[in-house]
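One file, work-v4.pdb, carrying PDB, C-alpha atoms:
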```
ATOM      1  CA  GLN U   1     -12.923  17.110 -15.675
ATOM      2  CA  VAL U   2     -10.896  14.926 -13.362
ATOM      3  CA  GLN U   3      -7.149  15.491 -13.389
ATOM      4  CA  LEU U   4      -4.392  13.805 -11.442
ATOM      5  CA  VAL U   5      -0.932  15.163 -12.097
ATOM      6  CA  GLU U   6       2.082  13.454 -10.544
ATOM      7  CA  SER U   7       5.440  15.107 -10.035
ATOM      8  CA  GLY U   8       8.679  14.560  -8.164
ATOM      9  CA  GLY U   9      10.109  11.539  -9.917
ATOM     10  CA  GLY U  10      13.697  11.293 -11.063
ATOM     11  CA  LEU U  11      17.011   9.512 -10.731
ATOM     12  CA  VAL U  12      18.336   8.823  -7.242
ATOM     13  CA  GLN U  13      21.133   6.703  -5.813
ATOM     14  CA  PRO U  14      20.387   3.695  -3.610
ATOM     15  CA  GLY U  15      19.700   4.846  -0.071
ATOM     16  CA  GLY U  16      18.428   8.199  -1.261
ATOM     17  CA  SER U  17      15.023   9.818  -0.948
ATOM     18  CA  LEU U  18      12.367  11.255  -3.213
ATOM     19  CA  ARG U  19       9.016  12.851  -2.563
ATOM     20  CA  LEU U  20       6.259  12.315  -5.092
ATOM     21  CA  SER U  21       3.249  14.584  -5.231
ATOM     22  CA  CYS U  22      -0.106  14.231  -6.941
ATOM     23  CA  ALA U  23      -2.282  17.284  -7.569
ATOM     24  CA  ALA U  24      -5.956  16.456  -7.942
ATOM     25  CA  SER U  25      -8.888  18.373  -9.381
ATOM     26  CA  GLY U  26     -12.348  17.798 -10.776
ATOM     27  CA  PHE U  27     -13.786  15.674  -7.967
ATOM     28  CA  THR U  28     -14.391  15.851  -4.229
ATOM     29  CA  PHE U  29     -10.868  15.125  -3.081
ATOM     30  CA  SER U  30     -11.549  15.159   0.652
ATOM     31  CA  ALA U  31     -14.123  12.383   0.282
ATOM     32  CA  SER U  32     -11.943  10.168  -1.877
ATOM     33  CA  ALA U  33      -9.492   7.443  -1.021
ATOM     34  CA  MET U  34      -6.127   7.990  -2.680
ATOM     35  CA  SER U  35      -3.354   5.572  -3.447
ATOM     36  CA  TRP U  36      -0.024   5.148  -5.162
ATOM     37  CA  TYR U  37       0.732   2.273  -7.496
ATOM     38  CA  ARG U  38       3.829   1.416  -9.444
ATOM     39  CA  ARG U  39       4.756  -0.640 -12.480
ATOM     40  CA  ALA U  40       8.281  -1.881 -12.834
ATOM     41  CA  PRO U  41       9.663  -2.992 -16.212
ATOM     42  CA  GLY U  42       8.319  -6.423 -17.084
ATOM     43  CA  LYS U  43       6.067  -6.572 -14.047
ATOM     44  CA  GLU U  44       2.437  -5.960 -13.305
ATOM     45  CA  ARG U  45       1.192  -2.847 -11.611
ATOM     46  CA  GLU U  46       1.217  -3.142  -7.823
ATOM     47  CA  LEU U  47      -0.299  -1.180  -4.979
ATOM     48  CA  VAL U  48       2.330   0.673  -2.975
ATOM     49  CA  ALA U  49       0.377   2.709  -0.430
ATOM     50  CA  GLY U  50      -3.117   3.987   0.208
ATOM     51  CA  ILE U  51      -4.833   6.553   2.388
ATOM     52  CA  THR U  52      -8.525   6.775   3.144
ATOM     53  CA  SER U  53     -10.581   9.946   3.253
ATOM     54  CA  THR U  54     -10.203   9.888   7.044
ATOM     55  CA  GLY U  55      -6.431   9.469   6.927
ATOM     56  CA  ASN U  56      -5.988   5.773   7.589
ATOM     57  CA  THR U  57      -2.977   4.427   5.732
ATOM     58  CA  GLY U  58      -1.756   1.095   4.439
ATOM     59  CA  TYR U  59       1.424  -0.076   2.737
ATOM     60  CA  SER U  60       2.731  -3.011   0.785
ATOM     61  CA  ASN U  61       5.215  -5.142   2.676
ATOM     62  CA  SER U  62       7.956  -4.167   0.248
ATOM     63  CA  VAL U  63       7.826  -0.485   1.228
ATOM     64  CA  LYS U  64       6.573  -0.577   4.823
ATOM     65  CA  GLY U  65       8.878   1.416   7.065
ATOM     66  CA  ARG U  66      10.473   3.257   4.136
ATOM     67  CA  PHE U  67       7.573   5.026   2.405
ATOM     68  CA  THR U  68       4.979   7.369   3.900
ATOM     69  CA  ILE U  69       1.758   8.456   2.229
ATOM     70  CA  SER U  70       0.040  11.658   3.300
ATOM     71  CA  ARG U  71      -2.692  13.958   2.071
ATOM     72  CA  ASP U  72      -3.496  17.647   2.239
ATOM     73  CA  ASN U  73      -7.199  18.182   1.741
ATOM     74  CA  ALA U  74      -6.768  21.972   1.684
ATOM     75  CA  GLN U  75      -4.402  21.707  -1.284
ATOM     76  CA  ASN U  76      -6.012  18.641  -2.907
ATOM     77  CA  THR U  77      -2.710  16.826  -2.951
ATOM     78  CA  VAL U  78      -1.422  13.433  -1.925
ATOM     79  CA  ALA U  79       2.254  12.778  -1.392
ATOM     80  CA  LEU U  80       4.506   9.761  -1.169
ATOM     81  CA  GLN U  81       7.715  10.246   0.791
ATOM     82  CA  MET U  82      10.175   7.544  -0.219
ATOM     83  CA  ASN U  83      13.256   6.960   1.901
ATOM     84  CA  ASN U  84      16.059   4.418   1.737
ATOM     85  CA  LEU U  85      15.288   3.757  -1.896
ATOM     86  CA  LYS U  86      16.442   0.521  -3.462
ATOM     87  CA  PRO U  87      17.062  -0.422  -7.098
ATOM     88  CA  GLU U  88      13.961  -2.614  -6.965
ATOM     89  CA  ASP U  89      11.878   0.512  -6.325
ATOM     90  CA  THR U  90      12.581   1.580  -9.907
ATOM     91  CA  ALA U  91       9.218   1.937 -11.640
ATOM     92  CA  VAL U  92       6.659   4.327 -13.012
ATOM     93  CA  TYR U  93       4.600   5.548 -10.074
ATOM     94  CA  TYR U  94       0.918   6.332 -10.529
ATOM     95  CA  CYS U  95      -1.547   8.226  -8.393
ATOM     96  CA  LYS U  96      -5.060   6.826  -8.196
ATOM     97  CA  ALA U  97      -8.247   8.352  -6.850
ATOM     98  CA  LYS U  98     -11.314   6.366  -5.889
ATOM     99  CA  ALA U  99     -14.194   8.810  -6.181
ATOM    100  CA  GLY U 100     -17.379   6.923  -5.415
ATOM    101  CA  PRO U 101     -17.607   3.951  -7.780
ATOM    102  CA  LEU U 102     -15.039   5.348 -10.204
ATOM    103  CA  ASP U 103     -11.270   5.113 -10.338
ATOM    104  CA  TYR U 104      -9.117   7.832 -11.859
ATOM    105  CA  TRP U 105      -5.446   7.565 -12.741
ATOM    106  CA  GLY U 106      -2.635  10.003 -13.313
ATOM    107  CA  GLN U 107      -0.155   9.750 -16.150
ATOM    108  CA  GLY U 108       2.669   8.476 -13.962
ATOM    109  CA  THR U 109       6.122   9.659 -12.979
ATOM    110  CA  GLN U 110       9.336   7.712 -13.459
ATOM    111  CA  VAL U 111      11.474   6.820 -10.460
ATOM    112  CA  THR U 112      14.891   5.308 -11.168
ATOM    113  CA  VAL U 113      17.135   4.106  -8.362
ATOM    114  CA  SER U 114      20.624   3.485  -9.629
ATOM    115  CA  SER U 115      24.233   4.231  -8.827
TER     116      SER U 115
END
```
Kindly present the structure from the file in structure tokens form.
Amino acid sequence: QVQLVESGGGLVQPGGSLRLSCAASGFTFSASAMSWYRRAPGKERELVAGITSTGNTGYSNSVKGRFTISRDNAQNTVALQMNNLKPEDTAVYYCKAKAGPLDYWGQGTQVTVSS
């Protein structure tokens, strides 16, 4: 059974940092591309960052230079380090795994950036 469990969300002031983590199980993690998406209130879900099975990364323009995605194949985890957070980063953040032809999603973790 595939499971993706996000953690690390919370309330942070503008300019602060958070580190999200996603623990994966039930599929071949090392062979899967992983990504982080987010959905802000009233907006559609958007891709934030992705990392291939070989470690190549990509970012949306809105987070480039502030967020870093990384993976640990020994621990079956993918992380999103978020620095210099802005109020517009407020959203529910989701971890997604692409395992072969199938996509799997976590339940999401709330990130709120507010003073």
Self-check item: Using all atoms listed in the file: which of U:Ser115, U:Ile69, U:Val63, U:Gly108 has the shortest distance to Asn84 in chain U
Solution: U:Val63
Could you give me, as a Markdown table, every range 1-78 of chain U residue with an atom at most 12 Å from range 91-101 of chain U, plus its closest atom pair and distance in Å to one decimal, counting only C-alpha atoms, rows ordered by chain then number?
```
| residue | atom | partner | partner_atom | distance |
| --- | --- | --- | --- | --- |
| U:Val2 | CA | U:Ala97 | CA | 9.6 |
| U:Gln3 | CA | U:Ala97 | CA | 9.7 |
| U:Leu4 | CA | U:Cys95 | CA | 7.0 |
| U:Val5 | CA | U:Cys95 | CA | 7.9 |
| U:Glu6 | CA | U:Cys95 | CA | 6.7 |
| U:Ser7 | CA | U:Tyr93 | CA | 9.6 |
| U:Gly8 | CA | U:Tyr93 | CA | 10.1 |
| U:Gly9 | CA | U:Tyr93 | CA | 8.1 |
| U:Gly10 | CA | U:Val92 | CA | 10.1 |
| U:Leu11 | CA | U:Ala91 | CA | 10.9 |
| U:Leu18 | CA | U:Tyr93 | CA | 11.8 |
| U:Arg19 | CA | U:Tyr93 | CA | 11.4 |
| U:Leu20 | CA | U:Tyr93 | CA | 8.6 |
| U:Ser21 | CA | U:Cys95 | CA | 8.6 |
| U:Cys22 | CA | U:Cys95 | CA | 6.3 |
| U:Ala23 | CA | U:Cys95 | CA | 9.1 |
| U:Ala24 | CA | U:Ala97 | CA | 8.5 |
| U:Ser25 | CA | U:Ala97 | CA | 10.4 |
| U:Gly26 | CA | U:Ala99 | CA | 10.3 |
| U:Phe27 | CA | U:Ala99 | CA | 7.1 |
| U:Thr28 | CA | U:Ala99 | CA | 7.3 |
| U:Phe29 | CA | U:Ala99 | CA | 7.8 |
| U:Ser30 | CA | U:Ala99 | CA | 9.7 |
| U:Ala31 | CA | U:Ala99 | CA | 7.4 |
| U:Ser32 | CA | U:Ala99 | CA | 5.0 |
| U:Ala33 | CA | U:Lys98 | CA | 5.3 |
| U:Met34 | CA | U:Ala97 | CA | 4.7 |
| U:Ser35 | CA | U:Lys96 | CA | 5.2 |
| U:Trp36 | CA | U:Cys95 | CA | 4.7 |
| U:Tyr37 | CA | U:Tyr94 | CA | 5.1 |
| U:Arg38 | CA | U:Tyr93 | CA | 4.3 |
| U:Arg39 | CA | U:Ala91 | CA | 5.2 |
| U:Ala40 | CA | U:Ala91 | CA | 4.1 |
| U:Pro41 | CA | U:Ala91 | CA | 6.7 |
| U:Gly42 | CA | U:Ala91 | CA | 10.0 |
| U:Lys43 | CA | U:Ala91 | CA | 9.4 |
| U:Glu44 | CA | U:Ala91 | CA | 10.5 |
| U:Arg45 | CA | U:Val92 | CA | 9.1 |
| U:Glu46 | CA | U:Tyr93 | CA | 9.6 |
| U:Leu47 | CA | U:Tyr94 | CA | 9.4 |
| U:Val48 | CA | U:Tyr93 | CA | 8.9 |
| U:Ala49 | CA | U:Cys95 | CA | 9.9 |
| U:Gly50 | CA | U:Lys96 | CA | 9.1 |
| U:Ile51 | CA | U:Ala97 | CA | 10.0 |
| U:Thr52 | CA | U:Lys98 | CA | 9.5 |
| U:Ser53 | CA | U:Lys98 | CA | 9.8 |
| U:Ile69 | CA | U:Cys95 | CA | 11.1 |
| U:Arg71 | CA | U:Ala97 | CA | 11.9 |
| U:Asn76 | CA | U:Ala97 | CA | 11.2 |
| U:Thr77 | CA | U:Cys95 | CA | 10.2 |
| U:Val78 | CA | U:Cys95 | CA | 8.3 |
```
Exercise. Let me know the residues the PyMOL selection byres ((chain U and resi 12) around 10) catches in the file above, as number ranges by chain.
Key: U: 9-11, 13-18, 85-87, 90, 111-115
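You can rank U:Gln1, U:Asn56, U:Asn83, U:Gly106 by their closest distance to Ser70 in chain U using all atoms listed in the file, and at the top of that list sits U:Asn56.
With CA of Asn73 in chain U on one side and CA of Leu102 in chain U on the other, the separation reads 19.2 Å.
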Quiz item: In Å, with one decimal, what is the gap from CA of Thr68 in chain U to CA of Met82 in chain U?
Solution: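 Result for CA of Thr68 in chain U versus CA of Met82 in chain U: 6.6 Å, one decimal.
The gap separating CA of Ala79 in chain U from CA of Tyr104 in chain U is 16.2 Å, in Å to one decimal.
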